[in-house]
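protein.cif (mmCIF, C-alpha atoms and all ligand atoms; chains and numbers go by the auth columns) appears below.
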data_model
#
loop_
_atom_site.group_PDB
_atom_site.id
_atom_site.type_symbol
_atom_site.label_atom_id
_atom_site.label_comp_id
_atom_site.label_asym_id
_atom_site.label_seq_id
_atom_site.Cartn_x
_atom_site.Cartn_y
_atom_site.Cartn_z
_atom_site.B_iso_or_equiv
_atom_site.auth_seq_id
_atom_site.auth_asym_id
ATOM 1 C CA MET A 1 116.458 139.862 70.956 0.00 487 A
ATOM 2 C CA PRO A 2 115.022 142.500 68.643 0.00 488 A
ATOM 3 C CA ASP A 3 117.025 143.539 65.603 0.00 489 A
ATOM 4 C CA PRO A 4 118.830 146.671 66.792 0.00 490 A
ATOM 5 C CA ALA A 5 117.634 149.776 64.921 0.00 491 A
ATOM 6 C CA THR A 6 120.652 151.891 65.901 0.00 492 A
ATOM 7 C CA GLU A 7 124.443 151.718 65.696 0.00 493 A
ATOM 8 C CA GLN A 8 124.639 151.821 69.484 0.00 494 A
ATOM 9 C CA GLY A 9 122.137 148.960 69.722 0.00 495 A
ATOM 10 C CA GLU A 10 124.375 146.775 67.582 0.00 496 A
ATOM 11 C CA SER A 11 127.248 147.139 70.083 0.00 497 A
ATOM 12 C CA ILE A 12 124.894 146.370 72.975 0.00 498 A
ATOM 13 C CA LEU A 13 123.674 143.255 71.168 0.00 499 A
ATOM 14 C CA SER A 14 127.198 141.950 70.499 0.00 500 A
ATOM 15 C CA LEU A 15 128.160 142.533 74.151 0.00 501 A
ATOM 16 C CA TRP A 16 125.128 140.538 75.247 0.00 502 A
ATOM 17 C CA GLN A 17 125.803 137.733 72.771 0.00 503 A
ATOM 18 C CA GLY A 18 129.527 137.634 73.592 0.00 504 A
ATOM 19 C CA ALA A 19 128.792 137.396 77.325 0.00 505 A
ATOM 20 C CA TRP A 20 126.386 134.498 76.744 0.00 506 A
ATOM 21 C CA ILE A 21 128.833 132.631 74.514 0.00 507 A
ATOM 22 C CA ALA A 22 131.662 133.037 77.057 0.00 508 A
ATOM 23 C CA ALA A 23 129.355 131.952 79.896 0.00 509 A
ATOM 24 C CA LEU A 24 128.114 128.908 77.959 0.00 510 A
ATOM 25 C CA ILE A 25 131.651 127.779 77.071 0.00 511 A
ATOM 26 C CA THR A 26 132.671 128.117 80.733 0.00 512 A
ATOM 27 C CA GLY A 27 129.515 126.273 81.783 0.00 513 A
ATOM 28 C CA GLY A 28 130.211 123.493 79.241 0.00 514 A
ATOM 29 C CA VAL A 29 133.780 122.983 80.520 0.00 515 A
ATOM 30 C CA VAL A 30 132.670 122.965 84.176 0.00 516 A
ATOM 31 C CA TRP A 31 129.714 120.619 83.610 0.00 517 A
ATOM 32 C CA GLY A 32 131.969 118.356 81.507 0.00 518 A
ATOM 33 C CA LEU A 33 134.591 118.140 84.276 0.00 519 A
ATOM 34 C CA ILE A 34 131.922 117.462 86.932 0.00 520 A
ATOM 35 C CA PHE A 35 130.360 114.625 84.958 0.00 521 A
ATOM 36 C CA TYR A 36 133.727 113.195 83.916 0.00 522 A
ATOM 37 C CA SER A 37 135.149 113.124 87.438 0.00 523 A
ATOM 38 C CA SER A 38 131.986 111.737 89.027 0.00 524 A
ATOM 39 C CA TRP A 39 131.989 108.920 86.484 0.00 525 A
ATOM 40 C CA ARG A 40 135.757 108.297 86.336 0.00 526 A
ATOM 41 C CA PHE A 41 136.271 108.257 90.112 0.00 527 A
ATOM 42 C CA ARG A 42 133.029 106.576 91.113 0.00 528 A
ATOM 43 C CA ARG A 43 133.143 103.988 93.892 0.00 529 A
ATOM 44 C CA ARG A 44 133.612 100.549 92.378 0.00 530 A
ATOM 45 C CA SER A 45 133.014 98.299 95.392 0.00 531 A
ATOM 46 C CA ASP A 46 131.226 98.676 98.725 0.00 532 A
ATOM 47 C CA ASP A 47 134.330 98.661 100.887 0.00 533 A
ATOM 48 C CA GLU A 48 136.462 100.906 98.692 0.00 534 A
ATOM 49 C CA VAL A 49 137.800 104.035 100.375 0.00 535 A
ATOM 50 C CA PRO A 50 138.801 106.805 97.929 0.00 536 A
ATOM 51 C CA ILE A 51 142.246 108.429 98.004 0.00 537 A
ATOM 52 C CA GLN A 52 142.109 111.136 100.658 0.00 538 A
ATOM 53 C CA THR A 53 143.449 114.203 98.854 0.00 539 A
ATOM 54 C CA ARG A 54 143.703 117.238 101.109 0.00 540 A
ATOM 55 C CA TYR A 55 144.682 119.997 98.772 0.00 541 A
ATOM 56 C CA ASN A 56 146.219 120.690 95.416 0.00 542 A
ATOM 57 C CA LEU A 57 147.948 124.046 95.418 0.00 543 A
ATOM 58 C CA PRO A 58 148.381 124.574 91.628 0.00 544 A
ATOM 59 C CA LEU A 59 144.710 123.709 91.090 0.00 545 A
ATOM 60 C CA GLU A 60 143.573 126.099 93.800 0.00 546 A
ATOM 61 C CA ILE A 61 145.683 128.908 92.389 0.00 547 A
ATOM 62 C CA PHE A 62 144.216 128.177 88.964 0.00 548 A
ATOM 63 C CA TYR A 63 140.589 128.277 90.066 0.00 549 A
ATOM 64 C CA THR A 64 141.161 131.498 91.953 0.00 550 A
ATOM 65 C CA ILE A 65 143.051 133.371 89.250 0.00 551 A
ATOM 66 C CA PHE A 66 141.039 132.215 86.252 0.00 552 A
ATOM 67 C CA PRO A 67 137.604 133.551 87.354 0.00 553 A
ATOM 68 C CA VAL A 68 139.259 136.855 88.268 0.00 554 A
ATOM 69 C CA ILE A 69 140.656 137.084 84.724 0.00 555 A
ATOM 70 C CA MET A 70 137.206 136.296 83.326 0.00 556 A
ATOM 71 C CA VAL A 71 135.570 139.014 85.409 0.00 557 A
ATOM 72 C CA ILE A 72 138.207 141.506 84.232 0.00 558 A
ATOM 73 C CA VAL A 73 137.525 140.606 80.584 0.00 559 A
ATOM 74 C CA PHE A 74 133.724 140.924 81.032 0.00 560 A
ATOM 75 C CA PHE A 75 134.244 144.218 82.836 0.00 561 A
ATOM 76 C CA ALA A 76 136.532 145.650 80.131 0.00 562 A
ATOM 77 C CA HIS A 77 134.082 144.818 77.347 0.00 563 A
ATOM 78 C CA THR A 78 131.194 146.297 79.346 0.00 564 A
ATOM 79 C CA VAL A 79 133.076 149.552 79.969 0.00 565 A
ATOM 80 C CA ASP A 80 134.001 149.749 76.267 0.00 566 A
ATOM 81 C CA VAL A 81 130.419 149.391 75.102 0.00 567 A
ATOM 82 C CA GLN A 82 129.148 151.720 77.822 0.00 568 A
ATOM 83 C CA ASN A 83 131.596 154.435 76.747 0.00 569 A
ATOM 84 C CA GLU A 84 130.513 154.000 73.157 0.00 570 A
ATOM 85 C CA VAL A 85 126.780 154.091 73.935 0.00 571 A
ATOM 86 C CA LEU A 86 127.104 157.123 76.232 0.00 572 A
ATOM 87 C CA ASP A 87 129.550 158.957 73.969 0.00 573 A
ATOM 88 C CA ASP A 88 128.501 162.618 73.814 0.00 574 A
ATOM 89 C CA LYS A 89 131.478 164.178 72.086 0.00 575 A
ATOM 90 C CA GLY A 90 130.717 166.672 69.318 0.00 576 A
ATOM 91 C CA GLU A 91 127.394 168.179 68.403 0.00 577 A
ATOM 92 C CA PRO A 92 124.432 165.908 67.686 0.00 578 A
ATOM 93 C CA ASP A 93 122.412 166.534 64.508 0.00 579 A
ATOM 94 C CA ASN A 94 119.202 166.802 66.524 0.00 580 A
ATOM 95 C CA GLU A 95 118.467 167.380 70.171 0.00 581 A
ATOM 96 C CA ILE A 96 115.041 166.373 71.403 0.00 582 A
ATOM 97 C CA VAL A 97 113.864 167.221 74.911 0.00 583 A
ATOM 98 C CA VAL A 98 111.964 164.205 76.211 0.00 584 A
ATOM 99 C CA VAL A 99 109.791 164.783 79.260 0.00 585 A
ATOM 100 C CA GLY A 100 108.375 162.014 81.411 0.00 586 A
ATOM 101 C CA GLN A 101 105.281 163.116 83.294 0.00 587 A
ATOM 102 C CA GLN A 102 102.607 161.154 85.112 0.00 588 A
ATOM 103 C CA TRP A 103 101.266 159.484 82.881 0.00 589 A
ATOM 104 C CA SER A 104 102.773 160.045 79.511 0.00 590 A
ATOM 105 C CA TRP A 105 105.550 161.699 77.537 0.00 591 A
ATOM 106 C CA THR A 106 106.140 165.064 75.890 0.00 592 A
ATOM 107 C CA PHE A 107 108.551 165.320 72.966 0.00 593 A
ATOM 108 C CA ASN A 108 109.999 168.788 72.271 0.00 594 A
ATOM 109 C CA TYR A 109 111.723 169.296 68.921 0.00 595 A
ATOM 110 C CA PRO A 110 113.886 172.349 68.151 0.00 596 A
ATOM 111 C CA TYR A 111 112.220 174.370 65.413 0.00 597 A
ATOM 112 C CA ASP A 112 112.900 177.623 63.536 0.00 598 A
ATOM 113 C CA ASN A 113 114.377 180.641 65.368 0.00 599 A
ATOM 114 C CA ASP A 114 115.187 178.914 68.665 0.00 600 A
ATOM 115 C CA THR A 115 111.615 177.783 69.211 0.00 601 A
ATOM 116 C CA TYR A 116 110.299 174.331 69.970 0.00 602 A
ATOM 117 C CA VAL A 117 107.412 172.348 68.610 0.00 603 A
ATOM 118 C CA TYR A 118 106.055 169.516 70.681 0.00 604 A
ATOM 119 C CA GLU A 119 103.690 166.633 71.034 0.00 605 A
ATOM 120 C CA SER A 120 102.357 165.749 74.423 0.00 606 A
ATOM 121 C CA GLY A 121 100.679 162.481 75.338 0.00 607 A
ATOM 122 C CA THR A 122 98.184 161.787 78.096 0.00 608 A
ATOM 123 C CA ALA A 123 97.133 158.597 79.841 0.00 609 A
ATOM 124 C CA ASN A 124 94.496 158.287 77.121 0.00 610 A
ATOM 125 C CA TYR A 125 96.590 159.319 74.154 0.00 611 A
ATOM 126 C CA ILE A 126 99.804 157.559 73.092 0.00 612 A
ATOM 127 C CA PRO A 127 102.245 160.118 71.636 0.00 613 A
ATOM 128 C CA THR A 128 104.641 159.453 68.767 0.00 614 A
ATOM 129 C CA LEU A 129 108.337 160.266 68.699 0.00 615 A
ATOM 130 C CA LYS A 130 109.815 160.761 65.224 0.00 616 A
ATOM 131 C CA ILE A 131 113.527 160.855 64.499 0.00 617 A
ATOM 132 C CA PRO A 132 115.436 161.023 61.223 0.00 618 A
ATOM 133 C CA VAL A 133 117.384 158.025 59.968 0.00 619 A
ATOM 134 C CA ASP A 134 121.230 158.077 59.621 0.00 620 A
ATOM 135 C CA GLU A 135 121.571 161.149 61.869 0.00 621 A
ATOM 136 C CA VAL A 136 122.744 161.442 65.459 0.00 622 A
ATOM 137 C CA THR A 137 119.827 162.340 67.712 0.00 623 A
ATOM 138 C CA GLU A 138 120.293 163.213 71.354 0.00 624 A
ATOM 139 C CA PHE A 139 117.526 162.704 73.887 0.00 625 A
ATOM 140 C CA ASP A 140 117.679 165.130 76.811 0.00 626 A
ATOM 141 C CA LEU A 141 115.612 163.508 79.519 0.00 627 A
ATOM 142 C CA GLU A 142 113.567 165.609 81.938 0.00 628 A
ATOM 143 C CA SER A 143 111.020 164.617 84.521 0.00 629 A
ATOM 144 C CA ALA A 144 108.123 166.790 85.611 0.00 630 A
ATOM 145 C CA ASP A 145 107.400 164.812 88.763 0.00 631 A
ATOM 146 C CA VAL A 146 108.879 161.436 89.761 0.00 632 A
ATOM 147 C CA ILE A 147 111.517 159.072 88.378 0.00 633 A
ATOM 148 C CA HIS A 148 110.524 157.574 85.039 0.00 634 A
ATOM 149 C CA ASP A 149 112.652 155.589 82.606 0.00 635 A
ATOM 150 C CA PHE A 150 112.754 156.200 78.865 0.00 636 A
ATOM 151 C CA GLY A 151 113.322 153.019 76.907 0.00 637 A
ATOM 152 C CA VAL A 152 112.898 151.651 73.401 0.00 638 A
ATOM 153 C CA PRO A 153 113.426 147.877 73.064 0.00 639 A
ATOM 154 C CA GLY A 154 114.251 148.350 69.365 0.00 640 A
ATOM 155 C CA PHE A 155 117.245 150.474 70.400 0.00 641 A
ATOM 156 C CA LEU A 156 118.232 147.978 73.157 0.00 642 A
ATOM 157 C CA MET A 157 118.615 151.023 75.373 0.00 643 A
ATOM 158 C CA LYS A 158 116.857 152.731 78.251 0.00 644 A
ATOM 159 C CA MET A 159 117.758 155.415 80.750 0.00 645 A
ATOM 160 C CA ASP A 160 116.281 156.807 83.951 0.00 646 A
ATOM 161 C CA VAL A 161 114.468 160.138 83.781 0.00 647 A
ATOM 162 C CA ILE A 162 115.198 161.807 87.103 0.00 648 A
ATOM 163 C CA PRO A 163 113.760 165.117 88.387 0.00 649 A
ATOM 164 C CA GLY A 164 116.511 167.732 88.623 0.00 650 A
ATOM 165 C CA GLN A 165 119.135 165.627 86.867 0.00 651 A
ATOM 166 C CA GLU A 166 120.188 166.039 83.246 0.00 652 A
ATOM 167 C CA ASN A 167 120.390 162.574 81.759 0.00 653 A
ATOM 168 C CA SER A 168 120.873 162.134 78.051 0.00 654 A
ATOM 169 C CA PHE A 169 121.924 159.625 75.431 0.00 655 A
ATOM 170 C CA ARG A 170 122.336 159.544 71.677 0.00 656 A
ATOM 171 C CA VAL A 171 121.242 157.165 68.972 0.00 657 A
ATOM 172 C CA LYS A 172 122.086 156.873 65.310 0.00 658 A
ATOM 173 C CA PRO A 173 119.310 154.873 63.634 0.00 659 A
ATOM 174 C CA THR A 174 120.460 152.753 60.720 0.00 660 A
ATOM 175 C CA THR A 175 117.056 151.868 59.292 0.00 661 A
ATOM 176 C CA THR A 176 113.594 153.392 59.002 0.00 662 A
ATOM 177 C CA GLY A 177 110.727 151.697 60.770 0.00 663 A
ATOM 178 C CA HIS A 178 108.144 151.693 63.548 0.00 664 A
ATOM 179 C CA TYR A 179 109.035 150.808 67.125 0.00 665 A
ATOM 180 C CA LYS A 180 107.449 150.888 70.553 0.00 666 A
ATOM 181 C CA GLY A 181 108.717 152.580 73.669 0.00 667 A
ATOM 182 C CA LYS A 182 107.625 152.622 77.281 0.00 668 A
ATOM 183 C CA CYS A 183 108.382 153.747 80.813 0.00 669 A
ATOM 184 C CA TYR A 184 110.658 151.224 82.573 0.00 670 A
ATOM 185 C CA GLU A 185 110.430 152.614 86.090 0.00 671 A
ATOM 186 C CA LEU A 186 107.366 151.903 88.210 0.00 672 A
ATOM 187 C CA CYS A 187 106.239 155.500 88.657 0.00 673 A
ATOM 188 C CA GLY A 188 102.728 155.211 90.028 0.00 674 A
ATOM 189 C CA VAL A 189 99.252 153.964 89.368 0.00 675 A
ATOM 190 C CA SER A 190 99.109 154.556 85.597 0.00 676 A
ATOM 191 C CA HIS A 191 102.734 153.627 84.917 0.00 677 A
ATOM 192 C CA SER A 192 101.577 150.981 82.443 0.00 678 A
ATOM 193 C CA ARG A 193 99.955 153.674 80.305 0.00 679 A
ATOM 194 C CA MET A 194 103.270 155.402 79.645 0.00 680 A
ATOM 195 C CA LEU A 195 103.623 153.980 76.155 0.00 681 A
ATOM 196 C CA PHE A 196 104.833 155.789 73.071 0.00 682 A
ATOM 197 C CA ASN A 197 105.421 155.052 69.419 0.00 683 A
ATOM 198 C CA VAL A 198 108.759 155.605 67.740 0.00 684 A
ATOM 199 C CA GLU A 199 109.030 156.232 64.024 0.00 685 A
ATOM 200 C CA ILE A 200 112.379 156.431 62.277 0.00 686 A
ATOM 201 C CA VAL A 201 111.767 158.408 59.093 0.00 687 A
ATOM 202 C CA SER A 202 113.669 160.154 56.305 0.00 688 A
ATOM 203 C CA ARG A 203 114.912 163.733 56.819 0.00 689 A
ATOM 204 C CA ASP A 204 112.131 165.059 54.533 0.00 690 A
ATOM 205 C CA GLU A 205 109.401 163.285 56.456 0.00 691 A
ATOM 206 C CA TYR A 206 110.928 164.525 59.703 0.00 692 A
ATOM 207 C CA ASP A 207 110.893 168.160 58.536 0.00 693 A
ATOM 208 C CA ALA A 208 107.319 167.789 57.298 0.00 694 A
ATOM 209 C CA TYR A 209 106.343 166.341 60.672 0.00 695 A
ATOM 210 C CA LEU A 210 107.828 169.321 62.541 0.00 696 A
ATOM 211 C CA ASP A 211 105.815 171.650 60.254 0.00 697 A
ATOM 212 C CA ASP A 212 102.681 169.671 61.116 0.00 698 A
ATOM 213 C CA LEU A 213 103.426 170.032 64.819 0.00 699 A
ATOM 214 C CA ALA A 214 103.992 173.779 64.380 0.00 700 A
ATOM 215 C CA GLU A 215 100.584 174.011 62.778 0.00 701 A
ATOM 216 C CA ALA A 216 98.885 171.974 65.498 0.00 702 A
ATOM 217 C CA ASN A 217 100.360 173.977 68.382 0.00 703 A
ATOM 218 C CA GLU A 218 102.038 177.392 68.295 0.00 704 A
ATOM 219 C CA PRO A 219 105.856 176.912 68.650 0.00 705 A
ATOM 220 C CA VAL A 220 107.096 177.785 72.164 0.00 706 A
ATOM 221 C CA ASP A 221 110.307 179.501 73.320 0.00 707 A
ATOM 222 C CA GLU A 222 111.222 176.898 75.921 0.00 708 A
ATOM 223 C CA PRO A 223 110.641 173.162 75.827 0.00 709 A
ATOM 224 C CA LEU A 224 107.359 172.214 77.418 0.00 710 A
ATOM 225 C CA ILE A 225 108.166 170.432 80.654 0.00 711 A
ATOM 226 C CA GLY A 226 105.274 168.536 82.101 0.00 712 A
ATOM 227 C CA GLY A 227 102.637 168.006 79.492 0.00 713 A
ATOM 228 C CA GLU A 228 99.532 169.926 78.471 0.00 714 A
ATOM 229 C CA PHE A 229 98.146 170.211 81.984 0.00 715 A
ATOM 230 C CA VAL A 230 101.275 171.718 83.451 0.00 716 A
ATOM 231 C CA ARG A 231 99.656 175.043 84.225 0.00 717 A
ATOM 232 C CA ASP A 232 96.629 173.726 86.035 0.00 718 A
ATOM 233 C CA GLN A 233 98.107 170.768 87.856 0.00 719 A
ATOM 234 C CA ALA A 234 99.396 171.589 91.309 0.00 720 A
ATOM 235 C CA GLY A 235 103.058 171.007 92.063 0.00 721 A
ATOM 236 C CA LEU A 236 104.361 170.576 88.540 0.00 722 A
ATOM 237 C CA LYS A 237 106.912 173.005 87.241 0.00 723 A
ATOM 238 C CA SER A 238 105.987 175.084 84.214 0.00 724 A
ATOM 239 C CA GLU A 239 108.302 175.530 81.241 0.00 725 A
ATOM 240 C CA LYS A 240 109.843 178.508 83.027 0.00 726 A
ATOM 241 C CA GLY A 241 110.830 176.316 85.937 0.00 727 A
ATOM 242 C CA GLU A 242 108.417 177.713 88.534 0.00 728 A
ATOM 243 C CA GLY A 243 105.815 175.707 90.367 0.00 729 A
ATOM 244 C CA SER A 244 102.310 176.363 89.093 0.00 730 A
ATOM 245 C CA GLU A 245 99.650 177.047 91.698 0.00 731 A
HETATM 246 CU CU CU B . 106.756 156.545 84.251 0.00 1 B
#
Write out the structure in this file as structure tokens.
Ligand SMILES: [Cu+2]
Amino acid sequence: MPDPATEQGESILSLWQGAWIAALITGGVVWGLIFYSSWRFRRRSDDEVPIQTRYNLPLEIFYTIFPVIMVIVFFAHTVDVQNEVLDDKGEPDNEIVVVGQQWSWTFNYPYDNDTYVYESGTANYIPTLKIPVDEVTEFDLESADVIHDFGVPGFLMKMDVIPGQENSFRVKPTTTGHYKGKCYELCGVSHSRMLFNVEIVSRDEYDAYLDDLAEANEPVDEPLIGGEFVRDQAGLKSEKGEGSE
């Protein structure tokens, strides 16, 4: 497993590890009992007939109730971690509009005076997502066409990007560094090109990066939904929400 780069990732990692440890202990006990009983009660002579036990009520109650308890415990821990990872109470420090489009990603960052600056990838250009360390960043996921899935293994987290549905999640990175992200939902012929880089940087570097983006492309009033080609590609919605062409 990768070292989680976010607070949320740490909880996901401990859930995963805890589930494996519990499953291995259970497996060890069960395998132990199987091997013990097949050795202890093995047939010792050719004409030996084993005791014909029909049922053992306490044992049957035990092996019905105990797995149910285990499932309840697994379930409770999963719900706990899920609530923590999907917690969206309060205002995030940053809100980035992430757009999945065939075949890349567009990252819209809020900038001065209610405008957005953005970077848009193409199938031939891998875009970079930068977020500041030690701050809560929310990703608002939008799709311009089909279902994609926004995931960063370093965060141990991914989420579907569904047309017409507002999915979002938050991360609080605990360390600076470079990570890789990709689309996790088979979305068409160039799905495998939907890669992106993730850089967790200091607040100063983040601000400087937004200034760079503002210089590269004029800031826009609405997040860019659908990449650079949105206006000349049939069927995609423009940033104003209308179909183009
Ligand atoms: Cu995709």
**OP:** Return as a ChimeraX atom specification the set of residues that the PyMOL selection byres (((chain A and resi 499-506) around 8) and not hetatm) yields on the displayed structure.
**Re:** /A:487,490,495-498,507-510,560,563-564,567,642
Could you produce a table of the residues of chain A lying within 6 Å of ligand CU 1 (chain B), with the nearest pair of atoms per residue and their separation in Å rounded to one decimal, using only C-alpha atoms and all ligand atoms, ordered by chain and increasing residue number, as a tab-separated table?
residue	atom	partner	partner_atom	distance
A:His634	CA	B:CU1	CU	4.0
A:Cys669	CA	B:CU1	CU	4.7
A:Glu671	CA	B:CU1	CU	5.7
A:Cys673	CA	B:CU1	CU	4.6
A:His677	CA	B:CU1	CU	5.0
A:Met680	CA	B:CU1	CU	5.9
**OP:** Taking the file above as input, evaluate the PyMOL selection byres (((chain A and resi 672) around 12) and not hetatm) and report the hits as a ChimeraX atom specification.
**Re:** /A:588-589,632-636,646-647,668-671,673-680
**OP:** Using all atoms listed in the file, find the one residue out of A:Glu624, A:Glu534, A:Asp631, A:Asp600 that sits nearest to Val585 in chain A.
**Re:** A:Asp631
**OP:** With the file shown as input, list the residues that the PyMOL selection byres (((chain A and resi 592) around 7) and not hetatm) selects, as a ChimeraX atom specification.
**Re:** /A:584-586,591,593-594,604-607,713
Can you report as lines of an AutoDock Vina configuration file the centre and edge lengths in Å, to one decimal, of an axis-aligned box around the listed atoms of range 656-665 of chain A padded with 3 Å on each side?
center_x = 115.2
center_y = 155.2
center_z = 65.3
size_x = 20.2
size_y = 14.7
size_z = 18.7
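Nearest residue to Val516 in chain A, choosing from A:Val706, A:Tyr549, A:Asp620, A:Phe625 and counting only C-alpha atoms: A:Tyr549.
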Subject >> Atom pair CA of Thr539 in chain A / CA of Trp525 in chain A: separation (Å) >> reply: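 We find that CA of Thr539 in chain A and CA of Trp525 in chain A lie 17.7 Å from each other.
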Subject >> For CA of Pro618 in chain A and CA of Phe655 in chain A, the interatomic separation in Å (one decimal) >> reply: 15.7 Å
